[in-house]
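Okay, coords19.cif is below, mmCIF, C-alpha atoms:
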```
data_final
loop_
_atom_site.label_atom_id
_atom_site.label_comp_id
_atom_site.auth_asym_id
_atom_site.auth_seq_id
_atom_site.Cartn_x
_atom_site.Cartn_y
_atom_site.Cartn_z
CA PHE C 1 0.00 0.00 0.00
CA GLU C 2 1.70 3.19 -1.17
CA VAL C 3 -1.15 5.60 -0.46
CA LYS C 4 0.51 8.81 0.57
CA GLY C 5 -1.10 11.71 2.36
CA LYS C 6 -0.21 15.37 2.01
CA LYS C 7 1.13 15.53 5.55
CA ARG C 8 4.90 14.99 5.37
CA GLY C 9 4.48 12.14 2.87
CA LYS C 10 3.11 9.68 5.43
CA PRO C 11 0.49 7.02 4.55
CA TYR C 12 -3.15 7.74 5.25
CA ASN C 13 -4.62 6.32 8.44
CA TRP C 14 -6.71 3.18 7.87
CA ASN C 15 -9.84 4.87 9.21
CA THR C 16 -9.43 7.59 6.56
CA ILE C 17 -9.03 4.98 3.80
CA ARG C 18 -12.04 3.03 5.06
CA SER C 19 -14.28 6.12 5.20
CA ARG C 20 -13.31 7.16 1.67
CA LEU C 21 -13.93 3.68 0.32
CA ALA C 22 -17.36 3.77 1.97
CA VAL C 23 -18.13 6.93 0.00
CA VAL C 24 -16.98 5.22 -3.22
CA LYS C 25 -19.21 2.22 -2.43
CA GLN C 26 -22.24 4.46 -1.87
CA ALA C 27 -21.55 6.33 -5.12
CA ILE C 28 -21.43 3.05 -7.07
CA GLN C 29 -24.66 1.83 -5.46
CA TRP C 30 -26.41 5.14 -6.19
CA GLU C 31 -25.28 5.16 -9.84
CA CYS C 32 -26.46 1.57 -10.30
CA GLN C 33 -29.85 2.48 -8.84
CA VAL C 34 -30.18 5.52 -11.11
CA CYS C 35 -29.22 3.49 -14.19
CA ASP C 36 -31.36 0.52 -13.13
CA LEU C 37 -28.36 -1.80 -13.10
CA GLU C 38 -27.50 -4.67 -10.82
CA CYS C 39 -24.99 -3.45 -8.28
CA PRO C 40 -21.71 -5.38 -8.43
CA PRO C 41 -20.36 -6.78 -5.18
CA PHE C 42 -17.97 -4.34 -3.55
CA PRO C 43 -14.84 -6.24 -2.48
CA SER C 44 -13.68 -6.11 1.11
CA VAL C 45 -10.34 -4.35 1.36
CA ASP C 46 -9.45 -5.82 4.77
CA PHE C 47 -7.71 -8.74 3.08
CA TYR C 48 -5.31 -6.40 1.28
CA ILE C 49 -4.39 -4.25 4.28
CA PRO C 50 -0.92 -4.95 5.73
CA PRO C 51 -0.75 -6.46 9.24
CA HIS C 52 -1.07 -3.97 12.12
CA TRP C 53 -2.23 -1.22 9.70
CA THR C 54 -5.39 -0.77 11.76
CA ASP C 55 -3.62 -0.73 15.13
CA LYS C 56 -4.69 2.26 17.20
CA ARG C 57 -2.05 4.78 18.16
CA GLU C 58 -1.44 4.83 21.92
CA ARG C 59 1.36 7.41 22.27
CA ARG C 60 1.61 8.95 25.74
CA LEU C 61 3.90 11.64 27.06
CA ALA C 62 7.05 10.30 28.72
CA SER C 63 8.00 11.59 32.17
CA ASP C 64 10.09 14.57 30.98
CA GLU C 65 8.46 15.28 27.63
CA GLU C 66 5.80 17.68 28.90
CA SER C 67 8.39 19.94 30.56
CA ARG C 68 10.64 19.75 27.47
CA LEU C 69 7.67 20.74 25.34
CA TYR C 70 6.91 23.79 27.48
CA ASP C 71 10.61 24.73 27.60
CA GLN C 72 10.84 24.68 23.82
CA ILE C 73 7.68 26.76 23.48
CA SER C 74 9.14 29.31 25.92
CA ASN C 75 12.22 29.57 23.68
CA ARG C 76 10.10 30.69 20.73
CA LYS C 77 10.83 34.32 19.88
CA ASN C 78 7.17 35.19 19.44
CA ASN C 79 3.75 33.67 19.95
CA SER C 80 4.88 31.54 22.90
CA LEU C 81 1.98 32.41 25.22
CA PRO C 82 -0.81 31.16 22.90
CA TRP C 83 1.12 27.95 22.35
CA LYS C 84 1.51 27.34 26.09
CA MET C 85 -2.21 27.96 26.48
CA LEU C 86 -3.06 25.69 23.54
CA VAL C 87 -1.05 22.75 24.88
CA THR C 88 -2.41 23.24 28.40
CA LEU C 89 -6.00 23.42 27.15
CA ALA C 90 -5.43 20.26 25.09
CA LEU C 91 -4.18 18.40 28.17
CA GLU C 92 -7.08 19.71 30.29
CA THR C 93 -9.95 19.09 27.88
CA GLY C 94 -8.88 16.35 25.45
CA ALA C 95 -10.22 18.55 22.66
CA ARG C 96 -9.04 18.22 19.07
CA LEU C 97 -6.64 20.70 17.52
CA GLN C 98 -9.23 22.02 15.07
CA GLU C 99 -11.77 22.58 17.84
CA MET C 100 -9.33 24.69 19.85
CA VAL C 101 -7.76 26.67 17.02
CA LEU C 102 -11.21 27.63 15.72
CA MET C 103 -12.60 28.24 19.22
CA GLU C 104 -14.60 31.47 19.57
CA TRP C 105 -15.58 33.50 22.61
CA CYS C 106 -19.29 32.98 21.93
CA GLU C 107 -18.81 29.23 22.52
CA LEU C 108 -18.12 29.78 26.24
CA SER C 109 -20.79 30.07 28.91
CA LEU C 110 -20.98 33.34 30.85
CA ASP C 111 -18.99 31.89 33.77
CA ASP C 112 -16.50 30.01 31.54
CA GLN C 113 -17.64 26.73 33.09
CA VAL C 114 -18.80 25.10 29.86
CA TRP C 115 -17.44 25.18 26.34
CA THR C 116 -19.99 24.34 23.64
CA ILE C 117 -18.17 23.17 20.52
CA PRO C 118 -20.35 23.75 17.43
CA LYS C 119 -20.85 20.83 15.09
CA ASN C 120 -19.07 22.57 12.21
CA HIS C 121 -15.86 22.56 14.30
CA CYS C 122 -16.23 18.89 15.32
CA LYS C 123 -14.89 15.92 13.39
CA THR C 124 -18.09 14.00 14.13
CA ARG C 125 -20.31 16.94 13.04
CA VAL C 126 -22.15 16.74 16.37
CA THR C 127 -22.24 19.61 18.87
CA ARG C 128 -20.35 18.79 22.08
CA HIS C 129 -20.40 20.35 25.56
CA VAL C 130 -17.15 20.30 27.53
CA VAL C 131 -17.10 21.10 31.25
CA LEU C 132 -13.92 23.08 31.88
CA SER C 133 -11.59 22.30 34.77
CA GLU C 134 -10.19 25.02 37.01
CA LYS C 135 -6.90 24.97 35.11
CA ALA C 136 -8.73 25.21 31.77
CA ARG C 137 -10.65 28.23 33.09
CA GLU C 138 -7.34 29.83 34.06
CA VAL C 139 -6.20 29.38 30.46
CA ILE C 140 -9.41 31.06 29.26
CA GLN C 141 -8.85 33.96 31.66
CA THR C 142 -5.26 34.43 30.46
CA LEU C 143 -6.43 34.45 26.85
CA ARG C 144 -9.19 36.90 27.77
CA GLU C 145 -6.54 39.31 29.03
CA HIS C 146 -4.94 39.19 25.57
CA LYS C 147 -8.21 39.38 23.67
CA VAL C 148 -8.31 41.62 20.58
CA LYS C 149 -11.36 43.41 19.21
CA HIS C 150 -10.84 42.46 15.57
CA SER C 151 -11.07 38.68 16.15
CA SER C 152 -13.74 36.44 17.65
CA ARG C 153 -11.23 33.59 18.12
CA LEU C 154 -9.32 32.85 21.32
CA PHE C 155 -6.22 31.67 19.44
CA HIS C 156 -6.32 34.45 16.86
CA THR C 157 -2.53 34.45 16.37
CA ILE C 158 -2.59 30.84 15.10
CA ARG C 159 -3.79 31.04 11.50
CA SER C 160 -5.32 27.61 10.99
CA PRO C 161 -5.36 24.01 12.28
CA LEU C 162 -2.92 23.05 9.51
CA ALA C 163 -0.50 25.84 10.45
CA ALA C 164 -0.79 24.75 14.10
CA SER C 165 -0.05 21.13 13.22
CA GLN C 166 3.04 22.12 11.23
CA ALA C 167 4.28 24.42 14.00
CA PHE C 168 3.80 21.70 16.61
CA TRP C 169 5.83 19.30 14.50
CA ALA C 170 8.67 21.88 14.47
CA ILE C 171 8.40 22.35 18.24
CA THR C 172 8.68 18.60 18.92
CA ARG C 173 11.58 18.33 16.46
CA ASP C 174 13.49 21.15 18.16
CA SER C 175 12.82 19.72 21.61
CA LYS C 176 14.11 16.29 20.45
CA ILE C 177 10.79 14.60 21.18
CA GLU C 178 10.26 11.77 18.71
CA ASP C 179 7.00 10.66 17.14
CA LEU C 180 4.67 12.96 19.06
CA HIS C 181 1.63 14.35 17.23
CA PHE C 182 -0.63 17.03 18.59
CA HIS C 183 -3.49 14.52 18.59
CA ASP C 184 -1.48 12.44 21.09
CA LEU C 185 -2.17 15.18 23.65
CA ARG C 186 -5.86 14.25 23.34
CA HIS C 187 -5.05 10.63 24.22
CA GLU C 188 -2.85 11.82 27.08
CA ALA C 189 -5.63 14.04 28.44
CA ILE C 190 -8.24 11.29 28.30
CA SER C 191 -5.85 8.79 29.93
CA ARG C 192 -5.22 11.26 32.76
CA MET C 193 -8.96 11.86 33.20
CA VAL C 194 -9.59 8.11 33.44
CA ALA C 195 -6.71 7.64 35.89
CA SER C 196 -7.99 10.46 38.12
CA GLY C 197 -11.58 9.23 37.99
CA LYS C 198 -12.94 12.35 36.27
#
```

Whole structure, structure tokens version:
Amino acid sequence: FEVKGKKRGKPYNWNTIRSRLAVVKQAIQWECQVCDLECPPFPSVDFYIPPHWTDKRERRLASDEESRLYDQISNRKNNSLPWKMLVTLALETGARLQEMVLMEWCELSLDDQVWTIPKNHCKTRVTRHVVLSEKAREVIQTLREHKVKHSSRLFHTIRSPLAASQAFWAITRDSKIEDLHFHDLRHEAISRMVASGK
């Protein structure tokens, strides 16, 4: 399988391949129905997938990696505060990168206790409500102190989720942290929540 994604030339995740093949299958079935044709059997691709391709990623932060991450962010010449806040919010909420980068002030309750993520920002296209921890609320307050009138976004200095993903890759590279994706912070956050009984 030599299917390459746009992101640093790495293969697509199996879930991405499976979802796209499902769309292809539906398109074939729809076309057959429109043309009044018998729909051909759609072959299962599981047989052709290499072993362990579907294994879920379980990357966690090692004991010193979180501090190394923050140290490297602090060494950035500009834009270090939003990045510290972004990483902290990720570890406190388990939210996805896109949800946080696109986060707007109107999504927060009046007391900053609840963050309502609109469906158009969610991967699942379903609105979610996230109860914010005390530390997450402190992040919100810090960002509020740096709020600008011309933008409705909390992380207005980070252009887009793609730009954030690329910048995070550079941060991990410079801090000598191997094979850490921003999405791994979501797994880390959820693991910590489970361990603490939240």

**Q.** Selection: 8 Å around Leu132 (chain C), all atoms listed in the file, excl. self and same-chain fewer than 2 positions, as a list in words
**A.**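 Once the adjacent positions are removed, what remains is Glu92, Thr93, Asp112, Gln113, Val114, Trp115, Val130, Glu134, Lys135, Ala136 and Arg137 of chain C.
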
**Q.** C:Leu81, C:Ala62, C:Glu31, C:Pro41 ranked by distance to Glu145 (chain C), top pick (using only C-alpha atoms)
**A.** C:Leu81

I want to know what sits within 10 Å of Leu162 (chain C), based on all atoms listed in the file, with residues of the same chain fewer than 4 positions away left out; could you give that as an mmCIF file with C-alpha atoms, in the frame of the given file?
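File produced: out-v3.cif:
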```
data_model
loop_
_atom_site.group_PDB
_atom_site.id
_atom_site.type_symbol
_atom_site.label_atom_id
_atom_site.label_comp_id
_atom_site.auth_asym_id
_atom_site.auth_seq_id
_atom_site.Cartn_x
_atom_site.Cartn_y
_atom_site.Cartn_z
ATOM 1 C CA LYS C 7 1.130 15.530 5.550
ATOM 2 C CA LEU C 97 -6.640 20.700 17.520
ATOM 3 C CA GLN C 98 -9.230 22.020 15.070
ATOM 4 C CA VAL C 101 -7.760 26.670 17.020
ATOM 5 C CA ILE C 158 -2.590 30.840 15.100
ATOM 6 C CA GLN C 166 3.040 22.120 11.230
ATOM 7 C CA ALA C 167 4.280 24.420 14.000
ATOM 8 C CA PHE C 168 3.800 21.700 16.610
#
```

Padding of 8 Å on every side, edges along x, y and z, all listed atoms of region 26-29 of chain C included: what centre and edge lengths in Å, to one decimal, does that box have, as AutoDock Vina command-line options?
```
--center_x -23.0 --center_y 4.1 --center_z -4.5 --size_x 19.2 --size_y 20.5 --size_z 21.2
```

Q | Selected residue, from C:Ala95, C:Ala170, C:Leu143, C:Val23, that lies nearest to Thr157 (chain C) when counting all atoms listed in the file | A | C:Leu143
